[in-house]
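Next up, my_file.pdb (PDB, C-alpha atoms):
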ATOM      1  CA  MET A   1     -95.335  69.031  82.987
ATOM      2  CA  ALA A   2     -99.111  69.177  83.442
ATOM      3  CA  TYR A   3    -100.683  66.666  81.084
ATOM      4  CA  LEU A   4    -104.102  67.212  79.551
ATOM      5  CA  LYS A   5    -107.091  64.881  79.762
ATOM      6  CA  VAL A   6    -108.778  65.145  76.368
ATOM      7  CA  GLU A   7    -112.248  63.958  75.359
ATOM      8  CA  PHE A   8    -112.263  63.580  71.567
ATOM      9  CA  HIS A   9    -115.867  62.559  70.836
ATOM     10  CA  CYS A  10    -119.083  63.903  72.339
ATOM     11  CA  HIS A  11    -122.387  65.500  71.415
ATOM     12  CA  THR A  12    -124.695  68.319  72.477
ATOM     13  CA  ASN A  13    -128.355  68.893  71.736
ATOM     14  CA  ALA A  14    -127.307  70.245  68.343
ATOM     15  CA  SER A  15    -127.260  66.537  67.425
ATOM     16  CA  ARG A  16    -130.693  64.985  67.043
ATOM     17  CA  ASP A  17    -129.759  62.116  69.371
ATOM     18  CA  SER A  18    -128.602  64.172  72.361
ATOM     19  CA  LEU A  19    -130.341  66.376  74.914
ATOM     20  CA  THR A  20    -127.108  67.667  76.503
ATOM     21  CA  THR A  21    -127.039  71.455  76.441
ATOM     22  CA  PRO A  22    -123.702  73.213  75.897
ATOM     23  CA  GLU A  23    -123.989  74.495  79.463
ATOM     24  CA  ASP A  24    -124.446  70.993  80.876
ATOM     25  CA  LEU A  25    -121.555  69.671  78.791
ATOM     26  CA  VAL A  26    -119.164  72.353  80.009
ATOM     27  CA  ASP A  27    -120.261  71.919  83.633
ATOM     28  CA  ALA A  28    -119.805  68.138  83.447
ATOM     29  CA  CYS A  29    -116.322  68.457  81.954
ATOM     30  CA  ARG A  30    -115.290  70.845  84.696
ATOM     31  CA  ARG A  31    -116.616  68.530  87.425
ATOM     32  CA  LYS A  32    -114.844  65.525  85.927
ATOM     33  CA  GLY A  33    -111.487  67.234  85.484
ATOM     34  CA  ILE A  34    -111.518  67.062  81.681
ATOM     35  CA  ASP A  35    -109.025  69.620  80.390
ATOM     36  CA  ARG A  36    -110.015  69.710  76.702
ATOM     37  CA  VAL A  37    -113.172  68.494  75.000
ATOM     38  CA  VAL A  38    -113.708  68.185  71.260
ATOM     39  CA  VAL A  39    -117.432  68.706  70.681
ATOM     40  CA  THR A  40    -118.337  66.647  67.623
ATOM     41  CA  ASP A  41    -122.018  67.023  66.790
ATOM     42  CA  HIS A  42    -123.443  65.327  63.735
ATOM     43  CA  ASN A  43    -122.915  67.489  60.639
ATOM     44  CA  THR A  44    -122.979  70.781  62.533
ATOM     45  CA  ILE A  45    -120.659  72.941  64.623
ATOM     46  CA  ALA A  46    -123.434  75.026  66.219
ATOM     47  CA  GLY A  47    -123.332  73.198  69.558
ATOM     48  CA  ALA A  48    -119.542  73.262  69.669
ATOM     49  CA  ARG A  49    -119.471  76.986  69.010
ATOM     50  CA  ALA A  50    -122.027  77.622  71.748
ATOM     51  CA  ALA A  51    -119.985  75.549  74.195
ATOM     52  CA  GLN A  52    -116.753  77.295  73.219
ATOM     53  CA  VAL A  53    -118.267  80.679  74.057
ATOM     54  CA  LEU A  54    -118.820  79.389  77.592
ATOM     55  CA  ASP A  55    -115.234  78.146  78.020
ATOM     56  CA  PRO A  56    -112.823  78.916  75.149
ATOM     57  CA  GLU A  57    -109.889  77.139  76.794
ATOM     58  CA  LEU A  58    -111.803  73.927  77.475
ATOM     59  CA  VAL A  59    -113.769  73.502  74.245
ATOM     60  CA  ILE A  60    -112.370  72.619  70.826
ATOM     61  CA  VAL A  61    -114.813  72.953  67.948
ATOM     62  CA  GLY A  62    -115.206  69.671  66.109
ATOM     63  CA  GLU A  63    -117.698  67.877  63.907
ATOM     64  CA  GLU A  64    -118.724  64.304  63.096
ATOM     65  CA  ILE A  65    -119.466  64.280  59.390
ATOM     66  CA  MET A  66    -121.383  61.611  57.522
ATOM     67  CA  THR A  67    -119.780  60.999  54.127
ATOM     68  CA  THR A  68    -120.906  58.650  51.385
ATOM     69  CA  ARG A  69    -118.659  55.923  52.831
ATOM     70  CA  GLY A  70    -118.522  56.462  56.589
ATOM     71  CA  GLU A  71    -118.139  59.104  59.289
ATOM     72  CA  ILE A  72    -115.213  61.487  59.660
ATOM     73  CA  LEU A  73    -114.348  62.910  63.085
ATOM     74  CA  ALA A  74    -112.637  66.303  62.985
ATOM     75  CA  ALA A  75    -111.184  68.739  65.527
ATOM     76  CA  PHE A  76    -110.334  72.420  65.147
ATOM     77  CA  VAL A  77    -113.086  72.963  62.618
ATOM     78  CA  SER A  78    -113.695  76.584  61.615
ATOM     79  CA  GLU A  79    -116.204  76.058  58.799
ATOM     80  CA  GLU A  80    -119.024  73.540  58.986
ATOM     81  CA  ILE A  81    -118.883  70.651  56.522
ATOM     82  CA  PRO A  82    -122.212  69.338  55.152
ATOM     83  CA  ARG A  83    -123.123  65.673  55.204
ATOM     84  CA  GLY A  84    -123.300  63.548  52.061
ATOM     85  CA  LEU A  85    -120.002  64.478  50.399
ATOM     86  CA  THR A  86    -117.456  61.896  49.358
ATOM     87  CA  PRO A  87    -114.742  61.169  51.929
ATOM     88  CA  GLN A  88    -112.199  62.768  49.608
ATOM     89  CA  GLU A  89    -114.167  66.014  49.293
ATOM     90  CA  THR A  90    -114.881  66.102  53.016
ATOM     91  CA  ILE A  91    -111.203  65.641  53.813
ATOM     92  CA  ARG A  92    -110.178  68.263  51.250
ATOM     93  CA  ARG A  93    -112.466  70.841  52.856
ATOM     94  CA  LEU A  94    -111.151  69.993  56.307
ATOM     95  CA  GLN A  95    -107.556  70.203  55.135
ATOM     96  CA  ASP A  96    -108.245  73.623  53.636
ATOM     97  CA  GLN A  97    -109.055  74.894  57.122
ATOM     98  CA  GLY A  98    -106.198  73.006  58.810
ATOM     99  CA  ALA A  99    -108.424  70.710  60.866
ATOM    100  CA  PHE A 100    -107.202  67.591  62.652
ATOM    101  CA  ILE A 101    -108.866  64.680  60.845
ATOM    102  CA  SER A 102    -109.767  61.306  62.319
ATOM    103  CA  VAL A 103    -112.234  58.544  61.410
ATOM    104  CA  SER A 104    -115.136  57.576  63.665
ATOM    105  CA  HIS A 105    -115.544  53.967  64.929
ATOM    106  CA  PRO A 106    -114.233  52.623  61.599
ATOM    107  CA  PHE A 107    -115.047  48.934  62.043
ATOM    108  CA  ASP A 108    -118.397  49.214  63.810
ATOM    109  CA  LYS A 109    -120.683  47.210  61.511
ATOM    110  CA  LEU A 110    -123.760  48.056  63.593
ATOM    111  CA  ARG A 111    -123.666  51.755  62.681
ATOM    112  CA  SER A 112    -124.412  53.517  59.436
ATOM    113  CA  GLY A 113    -121.176  55.464  59.917
ATOM    114  CA  GLY A 114    -118.938  52.393  59.864
ATOM    115  CA  TRP A 115    -116.416  51.897  57.067
ATOM    116  CA  GLN A 116    -115.504  49.186  54.601
ATOM    117  CA  GLU A 117    -111.786  48.448  54.842
ATOM    118  CA  HIS A 118    -111.049  49.248  51.192
ATOM    119  CA  ASP A 119    -112.700  52.671  51.577
ATOM    120  CA  LEU A 120    -110.697  53.310  54.726
ATOM    121  CA  LEU A 121    -107.460  52.384  52.993
ATOM    122  CA  GLU A 122    -108.201  54.931  50.267
ATOM    123  CA  VAL A 123    -108.389  57.842  52.708
ATOM    124  CA  LEU A 124    -105.745  56.661  55.167
ATOM    125  CA  PRO A 125    -102.890  58.727  53.665
ATOM    126  CA  GLU A 126    -104.984  61.893  54.077
ATOM    127  CA  VAL A 127    -106.082  61.584  57.712
ATOM    128  CA  ASP A 128    -104.203  62.241  60.954
ATOM    129  CA  ALA A 129    -105.640  59.361  62.980
ATOM    130  CA  ILE A 130    -108.411  56.829  63.327
ATOM    131  CA  GLU A 131    -110.579  56.217  66.370
ATOM    132  CA  VAL A 132    -109.179  53.035  67.887
ATOM    133  CA  TYR A 133    -111.532  52.928  70.881
ATOM    134  CA  ASN A 134    -115.120  54.163  71.050
ATOM    135  CA  SER A 135    -116.923  53.547  74.332
ATOM    136  CA  ARG A 136    -120.248  53.078  72.566
ATOM    137  CA  CYS A 137    -119.159  50.255  70.274
ATOM    138  CA  MET A 138    -121.553  47.465  71.210
ATOM    139  CA  LEU A 139    -119.086  44.669  70.465
ATOM    140  CA  PRO A 140    -115.506  44.845  71.808
ATOM    141  CA  ARG A 141    -114.131  43.295  68.627
ATOM    142  CA  PHE A 142    -114.954  46.464  66.676
ATOM    143  CA  ASN A 143    -112.442  48.384  68.789
ATOM    144  CA  ARG A 144    -109.902  45.567  68.602
ATOM    145  CA  LEU A 145    -110.111  45.603  64.805
ATOM    146  CA  ALA A 146    -109.572  49.368  64.749
ATOM    147  CA  ARG A 147    -106.540  49.151  67.028
ATOM    148  CA  ARG A 148    -104.970  46.342  65.003
ATOM    149  CA  PHE A 149    -105.589  48.249  61.781
ATOM    150  CA  ALA A 150    -103.910  51.361  63.206
ATOM    151  CA  GLU A 151    -100.919  49.335  64.382
ATOM    152  CA  LYS A 152    -100.586  47.548  61.044
ATOM    153  CA  HIS A 153    -100.677  50.774  59.050
ATOM    154  CA  GLN A 154     -98.794  52.869  61.620
ATOM    155  CA  ILE A 155    -101.525  55.474  61.883
ATOM    156  CA  ALA A 156    -102.125  57.425  65.099
ATOM    157  CA  GLY A 157    -105.141  56.543  67.224
ATOM    158  CA  THR A 158    -107.713  58.565  69.118
ATOM    159  CA  VAL A 159    -110.223  57.330  71.698
ATOM    160  CA  GLY A 160    -113.550  58.813  72.681
ATOM    161  CA  SER A 161    -116.597  58.343  74.850
ATOM    162  CA  ASP A 162    -119.010  59.222  72.037
ATOM    163  CA  ALA A 163    -121.004  60.772  74.862
ATOM    164  CA  HIS A 164    -124.607  61.650  74.059
ATOM    165  CA  ALA A 165    -125.452  62.374  77.709
ATOM    166  CA  ALA A 166    -123.449  64.367  80.233
ATOM    167  CA  PHE A 167    -122.884  61.369  82.524
ATOM    168  CA  GLU A 168    -120.959  59.612  79.717
ATOM    169  CA  LEU A 169    -118.340  62.332  79.319
ATOM    170  CA  GLY A 170    -114.820  61.212  80.109
ATOM    171  CA  ARG A 171    -115.395  57.465  79.898
ATOM    172  CA  SER A 172    -112.638  57.334  77.278
ATOM    173  CA  LEU A 173    -109.908  59.965  77.326
ATOM    174  CA  MET A 174    -106.466  60.553  75.892
ATOM    175  CA  VAL A 175    -103.829  61.887  78.276
ATOM    176  CA  LEU A 176    -101.625  64.155  76.188
ATOM    177  CA  GLU A 177     -98.784  66.595  76.540
ATOM    178  CA  PRO A 178     -99.962  70.219  76.312
ATOM    179  CA  PHE A 179    -100.686  71.345  72.761
ATOM    180  CA  GLU A 180    -102.011  74.334  70.878
ATOM    181  CA  GLY A 181    -104.023  74.068  67.688
ATOM    182  CA  PRO A 182    -104.226  71.224  65.184
ATOM    183  CA  ASP A 183    -100.496  71.150  64.429
ATOM    184  CA  GLY A 184     -99.744  70.914  68.118
ATOM    185  CA  LEU A 185    -102.191  68.041  68.437
ATOM    186  CA  ARG A 186    -100.542  66.232  65.527
ATOM    187  CA  SER A 187     -97.177  66.566  67.236
ATOM    188  CA  VAL A 188     -98.297  64.897  70.497
ATOM    189  CA  ILE A 189    -101.050  62.458  69.488
ATOM    190  CA  ARG A 190     -98.768  59.433  69.054
ATOM    191  CA  MET A 191     -97.369  59.893  72.564
ATOM    192  CA  GLY A 192    -100.798  59.949  74.197
ATOM    193  CA  THR A 193    -101.967  57.466  76.806
ATOM    194  CA  PRO A 194    -105.530  56.180  76.382
ATOM    195  CA  LYS A 195    -107.780  55.727  79.417
ATOM    196  CA  VAL A 196    -110.821  53.803  78.237
ATOM    197  CA  ARG A 197    -114.035  52.324  79.620
ATOM    198  CA  TRP A 198    -116.743  50.501  77.715
ATOM    199  CA  SER A 199    -120.288  51.874  77.862
ATOM    200  CA  PRO A 200    -122.919  49.152  78.298
ATOM    201  CA  PRO A 201    -125.803  48.893  75.829
ATOM    202  CA  TRP A 202    -128.291  50.655  78.108
ATOM    203  CA  PHE A 203    -126.345  53.892  77.594
ATOM    204  CA  HIS A 204    -127.827  53.960  74.093
ATOM    205  CA  PHE A 205    -131.288  54.495  75.553
ATOM    206  CA  SER A 206    -130.352  58.113  76.278
ATOM    207  CA  SER A 207    -129.814  58.856  72.607
ATOM    208  CA  ARG A 208    -132.896  56.896  71.549
ATOM    209  CA  TYR A 209    -134.953  58.865  74.070
ATOM    210  CA  ALA A 210    -133.539  62.112  72.692
ATOM    211  CA  VAL A 211    -134.595  61.202  69.156
ATOM    212  CA  ILE A 212    -138.136  60.327  70.270
ATOM    213  CA  ARG A 213    -138.497  63.425  72.420
ATOM    214  CA  LYS A 214    -137.330  65.731  69.638
ATOM    215  CA  LYS A 215    -139.702  64.111  67.167
ATOM    216  CA  ASP A 216    -142.569  64.693  69.580
ATOM    217  CA  ARG A 217    -141.543  68.343  69.788
ATOM    218  CA  GLY A 218    -141.105  68.632  66.035
ATOM    219  CA  GLY A 219    -137.323  68.997  66.387
ATOM    220  CA  LEU A 220    -135.091  69.084  63.346
ATOM    221  CA  ASP A 221    -133.073  66.032  62.354
ATOM    222  CA  THR A 222    -129.481  67.220  61.917
ATOM    223  CA  THR A 223    -127.896  63.798  61.407
TER     224      THR A 223
END
Can the structure from this file be put into structure tokens for me?
Amino acid sequence: MAYLKVEFHCHTNASRDSLTTPEDLVDACRRKGIDRVVVTDHNTIAGARAAQVLDPELVIVGEEIMTTRGEILAAFVSEEIPRGLTPQETIRRLQDQGAFISVSHPFDKLRSGGWQEHDLLEVLPEVDAIEVYNSRCMLPRFNRLARRFAEKHQIAGTVGSDAHAAFELGRSLMVLEPFEGPDGLRSVIRMGTPKVRWSPPWFHFSSRYAVIRKKDRGGLDTT
């Protein structure tokens, strides 16, 4: 059986804090031997759709959605979800389209998209997984807390590079049995093998530079 190397969390220039074009993202994934990539721009699926046109087999349309309590990370998204909804409404809209639903970097207290544990417990029965390792978490304990939480509550885990630049792609991958669609992903996610690497703090300069450059150009803030 040929297993798949899956990147669950990355961004294109459709996010305000990335300059990675869909073309560069697809090229980098091909070079690095990534078999599936979930493109999860902030509150938009425009970049994911553009990338999927370039390689429909490689690219899965996803979205990272800012709710009123924290960020949701979704795969197999067919209709864009706006930011600023409650977690419950966001999840309901994703469920209506059959998306695979995870939670971004849930215990990262240094990000606006982090979660309070009581809010996370409220949505836990309605999600498919939580992100138990994010390469861009500045402090390792944030990932340890997420993993322990997933183990305690017997929820599946995803990992992701949270790549905002092409060179970051593939730093954290899940090796999974072949799957098709969100139901197929649900059926194999618990058997996946994570391959993770931490991204040092200087990686964040790429996203900070992207924000500054887009402001200078009058770019739109989509986060």
Near Asp162 in chain A, within 10 Å and counting only C-alpha atoms, which residues show up once chain neighbours fewer than 4 positions away are dropped, as an mmCIF file with C-alpha atoms, in the frame of the given file?
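Dumped to selection_9.cif:
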data_model
loop_
_atom_site.group_PDB
_atom_site.id
_atom_site.type_symbol
_atom_site.label_atom_id
_atom_site.label_comp_id
_atom_site.auth_asym_id
_atom_site.auth_seq_id
_atom_site.Cartn_x
_atom_site.Cartn_y
_atom_site.Cartn_z
ATOM 1 C CA GLU A 7 -112.248 63.958 75.359
ATOM 2 C CA PHE A 8 -112.263 63.580 71.567
ATOM 3 C CA HIS A 9 -115.867 62.559 70.836
ATOM 4 C CA CYS A 10 -119.083 63.903 72.339
ATOM 5 C CA HIS A 11 -122.387 65.500 71.415
ATOM 6 C CA VAL A 39 -117.432 68.706 70.681
ATOM 7 C CA THR A 40 -118.337 66.647 67.623
ATOM 8 C CA ASP A 41 -122.018 67.023 66.790
ATOM 9 C CA SER A 104 -115.136 57.576 63.665
ATOM 10 C CA HIS A 105 -115.544 53.967 64.929
ATOM 11 C CA TYR A 133 -111.532 52.928 70.881
ATOM 12 C CA ASN A 134 -115.120 54.163 71.050
ATOM 13 C CA SER A 135 -116.923 53.547 74.332
ATOM 14 C CA ARG A 136 -120.248 53.078 72.566
ATOM 15 C CA CYS A 137 -119.159 50.255 70.274
ATOM 16 C CA GLU A 168 -120.959 59.612 79.717
ATOM 17 C CA LEU A 169 -118.340 62.332 79.319
ATOM 18 C CA GLY A 170 -114.820 61.212 80.109
ATOM 19 C CA ARG A 171 -115.395 57.465 79.898
ATOM 20 C CA SER A 172 -112.638 57.334 77.278
ATOM 21 C CA SER A 199 -120.288 51.874 77.862
#
Problem set entry | Distance query range 174-190 of chain A at most 9 Å, only C-alpha atoms, self and fewer than 6 positions along chain excluded, as a PyMOL selection string | chain A and resi 1-8+75-76+98-100+128-129+155-160+196
Problem set entry | Hits from the PyMOL selection byres ((chain A and resi 153) around 12), listed as a count of residues only | 17
Given the file shown, enumerate the residues that the PyMOL selection byres ((chain A and resi 44) around 10) captures and present them as a PDB file with C-alpha atoms, in the frame of the given file.
ATOM      1  CA  ALA A  14    -127.307  70.245  68.343  1.00  0.00           C
ATOM      2  CA  SER A  15    -127.260  66.537  67.425  1.00  0.00           C
ATOM      3  CA  THR A  40    -118.337  66.647  67.623  1.00  0.00           C
ATOM      4  CA  ASP A  41    -122.018  67.023  66.790  1.00  0.00           C
ATOM      5  CA  HIS A  42    -123.443  65.327  63.735  1.00  0.00           C
ATOM      6  CA  ASN A  43    -122.915  67.489  60.639  1.00  0.00           C
ATOM      7  CA  ILE A  45    -120.659  72.941  64.623  1.00  0.00           C
ATOM      8  CA  ALA A  46    -123.434  75.026  66.219  1.00  0.00           C
ATOM      9  CA  GLY A  47    -123.332  73.198  69.558  1.00  0.00           C
ATOM     10  CA  ALA A  48    -119.542  73.262  69.669  1.00  0.00           C
ATOM     11  CA  ARG A  49    -119.471  76.986  69.010  1.00  0.00           C
ATOM     12  CA  GLY A  62    -115.206  69.671  66.109  1.00  0.00           C
ATOM     13  CA  GLU A  63    -117.698  67.877  63.907  1.00  0.00           C
ATOM     14  CA  GLU A  64    -118.724  64.304  63.096  1.00  0.00           C
ATOM     15  CA  ILE A  65    -119.466  64.280  59.390  1.00  0.00           C
ATOM     16  CA  GLU A  79    -116.204  76.058  58.799  1.00  0.00           C
ATOM     17  CA  GLU A  80    -119.024  73.540  58.986  1.00  0.00           C
ATOM     18  CA  ILE A  81    -118.883  70.651  56.522  1.00  0.00           C
ATOM     19  CA  PRO A  82    -122.212  69.338  55.152  1.00  0.00           C
ATOM     20  CA  ARG A  83    -123.123  65.673  55.204  1.00  0.00           C
ATOM     21  CA  THR A 222    -129.481  67.220  61.917  1.00  0.00           C
ATOM     22  CA  THR A 223    -127.896  63.798  61.407  1.00  0.00           C
TER      23      THR A 223
END
Exercise. Counting all atoms listed in the file, which of A:Arg197, A:Arg30, A:His118, A:His164 gets nearest to Tyr209 in chain A?
Worked result: A:His164
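CA of Leu94 in chain A is found 21.6 Å from CA of Glu117 in chain A.
For the pair CA of Ile72 in chain A and CA of Val103 in chain A, the interatomic distance is 4.5 Å.
Across the structure, CA of Glu89 in chain A and CA of Arg111 in chain A are spaced 21.7 Å apart.
Residue nearest Val38 in chain A within the list A:Thr90, A:Ser102, A:Ser206, A:Gln95: A:Ser102 [criterion: smallest interatomic distance, only C-alpha atoms].
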For the structure shown, which residues end up in the PyMOL selection byres ((chain A and resi 114) around 9)? Put them as a PDB file with C-alpha atoms, keeping the file's coordinate frame, please?
ATOM      1  CA  ARG A  69    -118.659  55.923  52.831  1.00  0.00           C
ATOM      2  CA  GLY A  70    -118.522  56.462  56.589  1.00  0.00           C
ATOM      3  CA  GLU A  71    -118.139  59.104  59.289  1.00  0.00           C
ATOM      4  CA  SER A 104    -115.136  57.576  63.665  1.00  0.00           C
ATOM      5  CA  HIS A 105    -115.544  53.967  64.929  1.00  0.00           C
ATOM      6  CA  PRO A 106    -114.233  52.623  61.599  1.00  0.00           C
ATOM      7  CA  PHE A 107    -115.047  48.934  62.043  1.00  0.00           C
ATOM      8  CA  ASP A 108    -118.397  49.214  63.810  1.00  0.00           C
ATOM      9  CA  LYS A 109    -120.683  47.210  61.511  1.00  0.00           C
ATOM     10  CA  LEU A 110    -123.760  48.056  63.593  1.00  0.00           C
ATOM     11  CA  ARG A 111    -123.666  51.755  62.681  1.00  0.00           C
ATOM     12  CA  SER A 112    -124.412  53.517  59.436  1.00  0.00           C
ATOM     13  CA  GLY A 113    -121.176  55.464  59.917  1.00  0.00           C
ATOM     14  CA  TRP A 115    -116.416  51.897  57.067  1.00  0.00           C
ATOM     15  CA  GLN A 116    -115.504  49.186  54.601  1.00  0.00           C
TER      16      GLN A 116
END
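Across A:Arg144, A:Leu139, A:Ala74, A:Asp27, the tightest approach to Leu54 in chain A is made by A:Asp27 when counting only C-alpha atoms.
If only C-alpha atoms are the atoms counted, then among A:Thr20, A:Leu25, A:Asp96, A:Trp198 the closest residue to Pro140 in chain A is A:Trp198.
Of the residues under consideration (A:Gln52, A:Ile34, A:Glu122, A:Lys195), A:Glu122 shows the shortest atom-to-atom contact distance to Thr86 in chain A when counting only C-alpha atoms.
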